[in-house]
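Undergrad: To be precise about what I am sending: the file is called query21.txt and holds compact mmCIF, C-alpha atoms.
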```
# COMPACT_ATOMS: atom_id res chain seq x y z
CA MET A 1 -23.67 -20.85 32.05
CA LYS A 2 -20.20 -21.45 33.50
CA THR A 3 -18.77 -21.72 29.99
CA ASN A 4 -20.34 -18.38 29.02
CA LYS A 5 -18.91 -16.76 32.13
CA LYS A 6 -15.45 -18.13 31.31
CA ILE A 7 -15.71 -16.79 27.74
CA LYS A 8 -16.79 -13.34 28.99
CA SER A 9 -14.00 -13.33 31.59
CA TYR A 10 -11.40 -14.31 28.97
CA SER A 11 -12.74 -11.70 26.53
CA SER A 12 -12.55 -8.95 29.15
CA HIS A 13 -9.03 -10.03 30.17
CA ALA A 14 -7.88 -10.14 26.55
CA SER A 15 -9.35 -6.69 25.89
CA THR A 16 -7.39 -5.26 28.82
CA ASN A 17 -4.21 -7.06 27.78
CA LYS A 18 -4.28 -5.86 24.18
CA TRP A 19 -4.33 -2.20 25.22
CA LEU A 20 -1.51 -2.91 27.67
CA PHE A 21 0.46 -4.35 24.75
CA VAL A 22 -0.13 -1.09 22.85
CA ILE A 23 1.33 0.97 25.73
CA LEU A 24 4.34 -1.34 26.18
CA GLY A 25 4.98 -1.26 22.44
CA MET A 26 4.71 2.52 22.44
CA VAL A 27 7.40 2.78 25.15
CA MET A 28 9.60 0.44 23.11
CA PHE A 29 9.10 2.63 20.05
CA ILE A 30 10.13 5.72 22.02
CA CYS A 31 13.47 3.96 22.55
CA LEU A 32 13.79 2.81 18.92
CA GLY A 33 12.83 6.27 17.60
CA THR A 34 15.93 7.88 19.12
CA VAL A 35 17.31 7.97 15.56
CA TYR A 36 15.19 11.12 15.08
CA SER A 37 17.36 12.75 17.77
CA TRP A 38 20.54 12.33 15.69
CA SER A 39 20.67 16.12 15.17
CA VAL A 40 21.56 16.48 18.89
CA LEU A 41 24.58 14.21 18.42
CA ARG A 42 25.52 15.51 14.98
CA THR A 43 27.50 18.61 15.97
CA PRO A 44 29.45 16.84 18.78
CA VAL A 45 30.32 14.07 16.27
CA GLU A 46 31.54 16.69 13.77
CA GLU A 47 33.72 18.35 16.43
CA TYR A 48 35.15 15.12 17.86
CA TYR A 49 36.03 13.52 14.51
CA GLN A 50 36.78 16.78 12.66
CA ILE A 51 34.34 16.19 9.79
CA ASP A 52 31.98 18.47 7.87
CA ALA A 53 28.17 18.57 7.86
CA SER A 54 27.83 16.45 4.71
CA MET A 55 29.81 13.62 6.32
CA SER A 56 28.02 13.78 9.66
CA GLY A 57 24.73 12.93 7.97
CA LEU A 58 26.04 9.54 6.79
CA PRO A 59 25.38 7.54 9.99
CA TYR A 60 21.78 8.83 9.99
CA LEU A 61 21.26 7.97 6.31
CA VAL A 62 22.86 4.51 6.66
CA PHE A 63 20.74 3.92 9.78
CA LEU A 64 17.52 4.66 7.83
CA LEU A 65 18.60 2.43 4.94
CA MET A 66 19.55 -0.51 7.19
CA TYR A 67 16.39 0.00 9.23
CA THR A 68 14.40 -0.40 5.99
CA ALA A 69 16.48 -3.25 4.58
CA SER A 70 16.36 -5.35 7.75
CA MET A 71 12.56 -4.97 7.89
CA VAL A 72 12.33 -6.37 4.37
CA VAL A 73 14.73 -9.26 5.07
CA THR A 74 13.14 -10.28 8.38
CA GLY A 75 9.51 -9.56 7.44
CA LYS A 76 8.76 -13.18 6.52
CA LEU A 77 10.47 -14.44 9.68
CA THR A 78 8.31 -12.16 11.84
CA ASP A 79 5.21 -14.03 10.64
CA ARG A 80 6.72 -17.36 11.74
CA ILE A 81 8.99 -16.72 14.73
CA ASN A 82 7.91 -15.76 18.25
CA PRO A 83 7.88 -11.92 18.37
CA LYS A 84 9.75 -12.01 21.70
CA ILE A 85 12.77 -13.61 20.02
CA MET A 86 12.79 -11.07 17.18
CA ILE A 87 12.53 -8.13 19.60
CA MET A 88 15.29 -9.59 21.78
CA ILE A 89 17.64 -9.93 18.78
CA GLY A 90 16.78 -6.45 17.54
CA GLY A 91 17.12 -4.87 21.00
CA ILE A 92 20.54 -6.45 21.55
CA LEU A 93 21.77 -5.17 18.18
CA VAL A 94 20.48 -1.66 18.94
CA GLY A 95 22.21 -1.61 22.34
CA VAL A 96 25.45 -3.07 21.01
CA GLY A 97 25.45 -0.61 18.09
CA TRP A 98 25.21 2.38 20.43
CA ILE A 99 27.83 0.98 22.82
CA LEU A 100 30.28 0.32 19.97
CA SER A 101 29.72 3.89 18.78
CA GLY A 102 30.94 5.03 22.19
CA LEU A 103 34.05 2.85 21.79
CA ALA A 104 34.71 3.91 18.18
CA VAL A 105 38.18 5.19 17.33
CA SER A 106 37.21 6.55 13.90
CA PHE A 107 34.20 8.08 12.18
CA ASN A 108 33.94 5.07 9.86
CA MET A 109 33.33 2.93 12.94
CA ILE A 110 30.38 5.22 13.83
CA ILE A 111 28.89 4.56 10.39
CA LEU A 112 29.34 0.81 10.96
CA SER A 113 28.15 0.65 14.59
CA TYR A 114 25.40 3.27 14.61
CA GLY A 115 24.35 3.02 10.96
CA PHE A 116 24.65 -0.68 10.13
CA ILE A 117 24.35 -2.45 13.49
CA ALA A 118 21.90 -0.21 15.41
CA GLY A 119 19.93 0.51 12.23
CA SER A 120 19.55 -3.23 11.53
CA GLY A 121 18.46 -3.78 15.13
CA VAL A 122 15.70 -1.19 14.90
CA GLY A 123 14.44 -2.76 11.66
CA ILE A 124 14.33 -6.23 13.25
CA ALA A 125 12.57 -5.01 16.43
CA TYR A 126 10.17 -2.66 14.60
CA GLY A 127 7.96 -5.21 12.85
CA PRO A 128 7.01 -7.65 15.67
CA PRO A 129 5.09 -5.15 17.88
CA ILE A 130 3.14 -3.99 14.81
CA LYS A 131 2.34 -7.62 13.96
CA VAL A 132 1.23 -8.35 17.54
CA ILE A 133 -1.03 -5.29 17.80
CA SER A 134 -2.47 -5.83 14.33
CA SER A 135 -3.31 -9.43 15.28
CA TRP A 136 -5.10 -8.37 18.47
CA PHE A 137 -7.19 -5.61 16.88
CA THR A 138 -9.62 -6.73 14.20
CA GLU A 139 -11.56 -3.53 14.95
CA LYS A 140 -10.01 -0.12 15.66
CA ARG A 141 -6.76 -1.47 14.21
CA GLY A 142 -5.77 1.91 12.76
CA ILE A 143 -6.19 3.71 16.09
CA ALA A 144 -4.28 1.00 17.99
CA LEU A 145 -1.40 1.00 15.49
CA GLY A 146 -1.43 4.79 15.46
CA ILE A 147 -1.02 4.97 19.24
CA LEU A 148 1.74 2.34 19.10
CA LEU A 149 3.61 4.19 16.35
CA ALA A 150 3.14 7.54 18.09
CA GLY A 151 6.02 6.43 20.31
CA PHE A 152 8.41 6.68 17.37
CA GLY A 153 7.19 10.18 16.58
CA LEU A 154 7.29 11.34 20.21
CA SER A 155 10.80 10.00 20.71
CA PRO A 156 12.69 13.26 19.90
CA LEU A 157 10.56 15.13 22.43
CA ILE A 158 11.74 12.77 25.17
CA THR A 159 15.09 11.38 24.05
CA ALA A 160 16.65 14.55 22.57
CA PRO A 161 16.72 16.46 25.91
CA ILE A 162 18.05 13.34 27.68
CA ALA A 163 20.80 12.94 25.07
CA LYS A 164 21.64 16.67 25.37
CA THR A 165 21.91 16.42 29.16
CA LEU A 166 24.15 13.35 28.92
CA LEU A 167 26.37 15.12 26.36
CA ASN A 168 26.80 18.10 28.68
CA GLU A 169 27.54 15.91 31.70
CA TYR A 170 29.53 12.98 30.30
CA GLY A 171 30.65 13.83 26.75
CA LEU A 172 29.99 12.17 23.40
CA LYS A 173 31.49 8.71 23.91
CA ASN A 174 29.95 8.09 27.32
CA THR A 175 26.57 9.30 26.02
CA PHE A 176 26.63 6.61 23.33
CA ILE A 177 27.56 3.97 25.93
CA VAL A 178 24.95 5.00 28.54
CA ILE A 179 22.12 5.10 25.99
CA GLY A 180 23.31 1.80 24.50
CA CYS A 181 23.32 0.03 27.89
CA PHE A 182 19.80 1.31 28.56
CA PHE A 183 18.50 0.01 25.21
CA LEU A 184 20.32 -3.31 25.67
CA ILE A 185 18.23 -3.98 28.77
CA VAL A 186 14.93 -2.17 28.24
CA VAL A 187 13.99 -3.14 24.66
CA PRO A 188 14.37 -6.94 25.13
CA VAL A 189 12.61 -6.81 28.53
CA LEU A 190 9.61 -4.94 27.07
CA GLY A 191 9.49 -7.48 24.26
CA LEU A 192 9.05 -10.34 26.74
CA PHE A 193 5.55 -9.07 27.56
CA LEU A 194 4.26 -9.03 23.95
CA LYS A 195 2.47 -12.08 22.60
CA LYS A 196 0.08 -12.91 19.78
CA PRO A 197 -3.56 -13.83 20.51
CA LYS A 198 -4.59 -17.47 20.52
CA VAL A 199 -5.65 -18.68 17.09
CA THR A 200 -9.11 -20.26 17.30
CA LYS A 201 -10.49 -22.90 14.93
CA ASP A 202 -12.85 -20.27 13.55
CA ASN A 203 -9.94 -17.92 12.77
CA LYS A 204 -8.02 -20.73 11.09
CA ARG A 205 -11.04 -21.57 8.95
CA LYS A 206 -11.50 -17.93 7.93
CA MET A 207 -7.84 -17.60 6.95
CA LYS A 208 -7.96 -20.86 5.03
CA ASP A 209 -11.03 -19.73 3.12
CA SER A 210 -9.61 -16.29 2.31
CA THR A 211 -7.98 -16.24 -1.14
CA ILE A 212 -6.29 -12.88 -0.63
CA GLU A 213 -4.69 -14.10 2.63
CA GLN A 214 -2.95 -16.88 0.68
CA GLN A 215 -1.50 -14.74 -2.12
CA SER A 216 2.20 -15.21 -2.85
CA LEU A 217 4.56 -12.28 -2.41
CA MET A 218 4.77 -11.72 -6.18
CA GLN A 219 0.97 -11.68 -6.44
CA VAL A 220 0.84 -9.05 -3.69
CA ILE A 221 3.53 -6.89 -5.31
CA LYS A 222 1.78 -7.03 -8.69
CA HIS A 223 -1.56 -6.04 -7.18
CA ILE A 224 -2.69 -2.52 -8.22
CA LYS A 225 -3.48 -1.55 -4.64
CA PHE A 226 0.00 -2.53 -3.43
CA LYS A 227 1.62 -0.54 -6.24
CA GLY A 228 -0.52 2.51 -5.50
CA LEU A 229 0.03 2.30 -1.75
CA TRP A 230 3.80 1.91 -2.26
CA LEU A 231 4.01 4.97 -4.55
CA CYS A 232 1.91 7.07 -2.17
CA PHE A 233 4.11 5.97 0.76
CA VAL A 234 7.26 6.96 -1.21
CA ILE A 235 5.83 10.45 -1.75
CA GLY A 236 4.68 10.84 1.87
CA ALA A 237 8.02 9.64 3.26
CA SER A 238 10.10 11.74 0.82
CA VAL A 239 8.27 14.93 1.75
CA GLY A 240 8.28 14.25 5.48
CA LEU A 241 11.94 13.19 5.78
CA MET A 242 13.02 16.08 3.53
CA ILE A 243 11.34 18.70 5.73
CA ILE A 244 12.31 17.09 9.05
CA GLY A 245 15.97 17.39 8.03
CA ILE A 246 15.77 21.13 7.25
CA SER A 247 13.06 22.44 9.58
CA SER A 248 15.46 24.61 11.58
CA GLN A 249 17.09 26.01 8.43
CA ILE A 250 13.68 26.90 6.94
CA GLY A 251 12.78 28.84 10.07
CA GLU A 252 16.09 30.67 10.26
CA GLU A 253 16.48 31.45 6.54
CA LEU A 254 12.94 32.11 5.34
CA PHE A 255 11.35 33.47 8.50
CA GLY A 256 14.27 35.04 10.40
CA ILE A 257 13.69 32.94 13.53
CA ASP A 258 16.64 32.43 15.88
CA SER A 259 18.08 28.95 16.42
CA ASN A 260 16.89 28.63 20.03
CA THR A 261 13.29 29.28 18.97
CA THR A 262 13.45 26.83 16.08
CA ALA A 263 14.88 24.19 18.43
CA PHE A 264 11.86 24.68 20.72
CA LEU A 265 9.42 24.61 17.79
CA ILE A 266 10.86 21.32 16.54
CA SER A 267 9.71 19.77 19.83
CA ILE A 268 6.20 21.02 18.97
CA PHE A 269 6.50 19.57 15.47
CA ALA A 270 7.48 16.20 17.00
CA VAL A 271 4.19 16.19 18.91
CA PHE A 272 2.30 16.72 15.64
CA ASN A 273 4.32 13.90 14.06
CA ALA A 274 3.13 11.63 16.86
CA LEU A 275 -0.48 12.85 16.69
CA GLY A 276 -0.62 12.14 12.96
CA ARG A 277 -0.36 8.40 13.61
CA PRO A 278 -3.49 7.76 15.73
CA LEU A 279 -5.41 10.49 13.86
CA PHE A 280 -4.82 8.97 10.43
CA GLY A 281 -5.16 5.48 11.83
CA TRP A 282 -8.70 6.47 12.84
CA ILE A 283 -9.36 8.11 9.44
CA THR A 284 -8.11 4.97 7.64
CA ASP A 285 -10.31 2.75 9.84
CA LYS A 286 -13.42 4.86 9.44
CA TYR A 287 -13.27 6.25 5.92
CA HIS A 288 -10.99 3.94 3.85
CA PRO A 289 -7.26 4.16 2.94
CA TYR A 290 -7.81 6.15 -0.26
CA LYS A 291 -9.62 8.95 1.61
CA ALA A 292 -6.87 9.03 4.24
CA ALA A 293 -4.26 9.29 1.46
CA VAL A 294 -6.12 12.08 -0.37
CA ILE A 295 -6.66 14.07 2.84
CA SER A 296 -2.95 13.73 3.67
CA PHE A 297 -1.80 14.97 0.26
CA ILE A 298 -4.29 17.86 0.26
CA LEU A 299 -2.92 19.00 3.64
CA ILE A 300 0.68 18.77 2.37
CA LEU A 301 -0.29 20.64 -0.81
CA ALA A 302 -1.98 23.46 1.14
CA SER A 303 0.83 23.92 3.68
CA SER A 304 3.59 23.85 1.02
CA SER A 305 1.68 26.33 -1.16
CA PHE A 306 1.44 28.74 1.78
CA ILE A 307 5.21 28.89 2.19
CA TYR A 308 6.05 28.87 -1.52
CA LEU A 309 3.45 31.35 -2.78
CA ILE A 310 2.92 33.73 0.16
CA ASN A 311 5.79 36.14 0.72
CA SER A 312 5.55 36.55 4.46
CA ASP A 313 7.96 36.18 7.36
CA SER A 314 5.13 35.44 9.80
CA ILE A 315 6.15 32.84 12.35
CA ILE A 316 2.51 31.69 12.40
CA ILE A 317 2.72 30.49 8.78
CA TYR A 318 5.97 28.67 9.59
CA VAL A 319 4.50 26.92 12.63
CA ILE A 320 1.22 25.92 10.93
CA ALA A 321 2.80 24.77 7.66
CA LEU A 322 5.56 22.67 9.23
CA SER A 323 3.28 21.24 11.90
CA ILE A 324 1.03 19.95 9.11
CA ILE A 325 3.94 18.42 7.16
CA TRP A 326 5.37 16.72 10.28
CA LEU A 327 1.87 15.46 11.11
CA ASN A 328 1.63 13.91 7.65
CA LEU A 329 4.89 11.98 7.94
CA GLY A 330 3.32 10.42 11.01
CA ALA A 331 0.15 9.92 8.99
CA TRP A 332 1.88 7.74 6.40
CA LEU A 333 3.54 5.63 9.07
CA SER A 334 0.01 4.78 10.18
CA ILE A 335 -1.85 4.67 6.85
CA ALA A 336 0.66 2.19 5.38
CA PRO A 337 0.58 -0.58 8.04
CA THR A 338 -3.19 -0.26 8.55
CA SER A 339 -3.93 -0.37 4.82
CA ILE A 340 -1.69 -3.36 4.07
CA ALA A 341 -3.65 -5.38 6.65
CA MET A 342 -6.98 -4.23 5.19
CA TYR A 343 -5.99 -5.10 1.64
CA PHE A 344 -3.98 -8.32 2.13
CA GLY A 345 -4.93 -9.73 5.55
CA GLU A 346 -3.01 -11.01 8.57
CA THR A 347 -1.47 -14.30 7.44
CA HIS A 348 1.59 -12.75 5.77
CA TYR A 349 1.23 -9.30 7.29
CA SER A 350 4.86 -8.76 8.35
CA ARG A 351 6.18 -10.05 5.03
CA ASN A 352 3.88 -7.73 3.07
CA TYR A 353 4.52 -4.70 5.26
CA GLY A 354 8.26 -5.33 5.21
CA VAL A 355 8.26 -5.08 1.41
CA LEU A 356 5.93 -2.06 1.49
CA PHE A 357 8.30 -0.38 3.93
CA THR A 358 10.96 -0.18 1.21
CA ALA A 359 9.02 2.96 0.25
CA TYR A 360 10.29 4.60 3.44
CA GLY A 361 13.91 3.81 2.51
CA ILE A 362 13.39 5.17 -1.01
CA GLY A 363 11.82 8.26 0.57
CA ALA A 364 14.93 8.75 2.71
CA VAL A 365 17.22 8.43 -0.33
CA ILE A 366 15.11 10.88 -2.37
CA GLY A 367 14.11 13.42 0.27
CA THR A 368 17.28 13.86 2.33
CA PRO A 369 19.73 14.74 -0.52
CA LEU A 370 17.13 16.57 -2.65
CA ALA A 371 16.68 19.39 -0.14
CA GLY A 372 20.42 20.10 -0.03
CA TYR A 373 20.71 19.93 -3.82
CA ILE A 374 17.88 22.44 -4.35
CA ARG A 375 19.34 24.81 -1.74
CA THR A 376 22.75 24.66 -3.44
CA GLN A 377 21.37 25.13 -6.97
CA PHE A 378 18.77 27.85 -6.31
CA GLY A 379 20.12 29.57 -3.21
CA SER A 380 17.02 29.26 -1.01
CA TYR A 381 15.05 26.61 0.83
CA GLN A 382 11.87 28.22 -0.47
CA TYR A 383 12.29 26.33 -3.75
CA VAL A 384 12.14 23.00 -1.90
CA PHE A 385 8.37 23.47 -1.65
CA LEU A 386 7.78 23.55 -5.42
CA PRO A 387 8.57 19.83 -5.97
CA ILE A 388 6.55 19.06 -2.81
CA ILE A 389 3.52 20.79 -4.37
CA ILE A 390 3.98 18.74 -7.56
CA LEU A 391 4.45 15.48 -5.65
CA SER A 392 1.30 16.14 -3.61
CA ILE A 393 -0.78 16.56 -6.76
CA ILE A 394 0.71 13.35 -8.20
CA GLY A 395 -0.06 11.58 -4.91
CA ILE A 396 -3.72 12.60 -5.04
CA GLY A 397 -3.96 11.24 -8.57
CA ILE A 398 -2.30 7.93 -7.67
CA ALA A 399 -4.56 7.47 -4.63
CA LEU A 400 -7.73 8.11 -6.67
CA LEU A 401 -6.64 5.81 -9.50
CA THR A 402 -5.31 2.86 -7.47
CA LEU A 403 -6.67 2.90 -3.92
CA LYS A 404 -10.28 3.96 -4.47
CA PRO A 405 -12.62 0.94 -4.19
CA LYS A 406 -14.42 0.00 -7.37
CA GLN A 407 -18.12 0.80 -7.49
CA VAL A 408 -20.25 -2.31 -7.70
CA SER A 409 -22.86 -1.92 -10.46
CA ARG A 410 -26.42 -2.87 -9.58
```
Transcribe the structure of this file into structure tokens.
TA:
Amino acid sequence: MKTNKKIKSYSSHASTNKWLFVILGMVMFICLGTVYSWSVLRTPVEEYYQIDASMSGLPYLVFLLMYTASMVVTGKLTDRINPKIMIMIGGILVGVGWILSGLAVSFNMIILSYGFIAGSGVGIAYGPPIKVISSWFTEKRGIALGILLAGFGLSPLITAPIAKTLLNEYGLKNTFIVIGCFFLIVVPVLGLFLKKPKVTKDNKRKMKDSTIEQQSLMQVIKHIKFKGLWLCFVIGASVGLMIIGISSQIGEELFGIDSNTTAFLISIFAVFNALGRPLFGWITDKYHPYKAAVISFILILASSSFIYLINSDSIIIYVIALSIIWLNLGAWLSIAPTSIAMYFGETHYSRNYGVLFTAYGIGAVIGTPLAGYIRTQFGSYQYVFLPIIILSIIGIGIALLTLKPKQVSR
């Protein structure tokens, strides 16, 4: 009887702790997601270093690429090393990168400090909380990961106004330093509270008996479900990152909305980006990854078709269409980590997700320049939505062909 009571007590305590870990991780991700607030810093950087708009996007692009690359490189380590150590290293790099940006004497130093150093730090610190939460939640994993990752999506809503206030009060360089000092302390401290669950003999036996858990990296990469998930993630990330970078310009050019209103609406879009993560985490949990993928691409297809095919300057169409697209970038940042655990298990989760996350980097490389190229060639951001429509249809096809579970004949 006493043993049963101890087990129940431990189970209740563990259940409480794992949701606390989700909240702590979410706060950490709000800090790490400050990259999405780069647009607030972009104009002051242009003015201070006397550069044009094409140059000022480089730190952001390099940040995204290093963020992706460092996740791939450290993915295998995250499965083996204490998550607290990984988060501490990542948090220190993020803080130091921001501080060095405040001390930079040239724009190239901003690319190095903000892009390479801070970007690498975010990539290193990003994986461990996902690994921890995924390990704790064998059920409702998608919802838990979605709530955790919502912090990244919500970040602009919280950090952009703070960065703007600091810019107005203290100027560009001091803003970098203040934010960097905050991250240098807060991210590692939050990481100290995260820990993996105890591995029981039963769990060890299950992992040992599971063939798919023991697959090598090359076996995982060659698997049809990995290939399909990677391609779908590339499409979802390309579309989302493309539209996030030009949301204000779409509102101003196609719908005649003033810049102050579009700035306010982007805060609304950020909320939808955050909501997409727990929502599609739940859909992935309940209905299967392929259904989540198909629903996401149908929503993107419908919203893009509205803007491309309907000649209207209604602000309602703008708000609905872009809210849906922002929501679906959040969706893919939840579908991907949840699905990789479903398909390939927990043993090498961080390694597998790190490689899968290269899709996000490819999406950044495709989506960010493509929007500018189309605008330059065709003279309007309206034409950006045509390739999005095509990509959405391709995405539906890929999901149905590769992610749909095979029917077992009776």
Undergrad: Can you work out which one of A:Phe226, A:Tyr290, A:Tyr318, A:Tyr126 has the shortest atom-to-atom distance to Lys84 of chain A, counting all atoms listed in the file?
TA: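 Using all atoms listed in the file, the shortest distance to Lys84 of chain A belongs to A:Tyr126.
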Undergrad: Ranking A:Gly395, A:Pro387, A:Pro156, A:Gly330 by minimum distance to Ile298 of chain A and counting all atoms listed in the file, which one comes first?
TA: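 Among the listed residues, A:Gly395 lies closest to Ile298 of chain A.
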Undergrad: Dump as a tab-separated table the rows for residues of segment 112-158 of chain A within 10 Å of segment 268-278 of chain A: closest atom pair and distance in Å with one decimal, all atoms listed in the file counted, ordered by chain and rising residue number.
TA:
```
residue	atom	partner	partner_atom	distance
A:Arg141	CA	A:Pro278	CA	9.9
A:Gly142	CA	A:Pro278	CA	6.9
A:Ile143	CA	A:Pro278	CA	4.9
A:Ala144	CA	A:Pro278	CA	7.2
A:Leu145	CA	A:Pro278	CA	7.1
A:Gly146	CA	A:Pro278	CA	3.6
A:Ile147	CA	A:Pro278	CA	5.1
A:Leu148	CA	A:Pro278	CA	8.3
A:Leu149	CA	A:Arg277	CA	6.4
A:Ala150	CA	A:Ala274	CA	4.3
A:Gly151	CA	A:Ala274	CA	6.9
A:Phe152	CA	A:Ala274	CA	7.3
A:Gly153	CA	A:Ala274	CA	4.3
A:Leu154	CA	A:Ala274	CA	5.3
A:Ser155	CA	A:Ala270	CA	8.0
A:Pro156	CA	A:Ala270	CA	6.6
A:Leu157	CA	A:Ala270	CA	6.3
A:Ile158	CA	A:Ala270	CA	9.8
```
Undergrad: Would you list the contacts of Ile85 of chain A as a list in words, taking every protein, DNA or RNA residue within 10 Å and counting all atoms listed in the file, but skipping same-chain residues closer than 4 positions in sequence?
TA: Thr78, Ile81, Ile89, Gly90, Gly91, Ala125, Pro128, Pro188, Gly191 and Leu192 of chain A
Undergrad: Using all atoms listed in the file, which of the listed residues (A:Ile235, A:Ile300, A:Leu100, A:Ile335) sits closest to Ile320 of chain A?
TA: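 Once distances to Ile320 of chain A are computed over all atoms listed in the file, the minimum belongs to A:Ile300.
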Undergrad: Please identify all polymer residues lying at most 9 Å from the point (1.8, -11.6, 24.4) (file coordinates), using all atoms listed in the file, and present the result as an MDAnalysis selection string.
TA: chainID A and resid 17:18 21 83:84 132 191:197
Undergrad: From the set A:Thr338, A:Thr34, A:Asn82, A:Ser134, which residue has the shortest atom-to-atom contact distance to Ala118 of chain A, counting only C-alpha atoms?
TA: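 Of A:Thr338, A:Thr34, A:Asn82, A:Ser134, the one nearest Ala118 of chain A, counting only C-alpha atoms, is A:Thr34.
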Undergrad: Counting only C-alpha atoms, which of A:Met242, A:Val220, A:Ile185, A:Ala359 gets nearest to Trp326 of chain A?
TA: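 Of A:Met242, A:Val220, A:Ile185, A:Ala359, the one nearest Trp326 of chain A, counting only C-alpha atoms, is A:Met242.
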Undergrad: Rank A:Ser247, A:Gly115, A:Ser56, A:Ile396 by their smallest atom-to-atom distance to Thr262 of chain A, using only C-alpha atoms, and report the top residue only.
TA: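 When distances to Thr262 of chain A are compared using only C-alpha atoms, the smallest one comes from A:Ser247.
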Undergrad: Work out how far atom CA of Ser334 of chain A is from atom CA of Ser350 of chain A, in Å to one decimal.
TA: 14.5 Å
Undergrad: For atom CA of Gln382 of chain A and atom CA of Leu254 of chain A, determine how far apart the two atoms are, in Å to one decimal place.
TA: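 Atom-to-atom, atom CA of Gln382 of chain A to atom CA of Leu254 of chain A, that is 7.1 Å.
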Undergrad: Take atom CA of Gly240 of chain A and atom CA of Ile389 of chain A and report the distance between them in Å, one decimal.
TA: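 So the two atoms, atom CA of Gly240 of chain A and atom CA of Ile389 of chain A, lie 12.7 Å apart.
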Undergrad: Taking (4.6, -6.1, 5.1) in the file's coordinates as the center, which residues reach within 12 Å of it, counting all atoms listed in the file, put as a PyMOL selection string?
TA: chain A and resi 68+71-79+126-128+130-131+134+217+220-221+226+229-230+336-359
Undergrad: Quick one: residues within 12 Å of Leu167 of chain A, all atoms listed in the file counted, chain neighbours fewer than 2 positions away excluded, as a list of chain:residue names?
TA: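 The contact residues come out as A:Val40, A:Leu41, A:Arg42, A:Thr43, A:Pro44, A:Val45, A:Gly102, A:Ala160, A:Pro161, A:Ile162, A:Ala163, A:Lys164, A:Thr165, A:Glu169, A:Tyr170, A:Gly171, A:Leu172, A:Lys173, A:Asn174, A:Thr175, A:Phe176, A:Ile177, A:Val178, A:Ile179.
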Undergrad: Give me the residues near Val122 of chain A as a ChimeraX atom specification, where near means some atom within 7 Å (using all atoms listed in the file) and where sequence neighbours in that chain fewer than 6 positions away do not count.
TA: /A:32,67,90,94
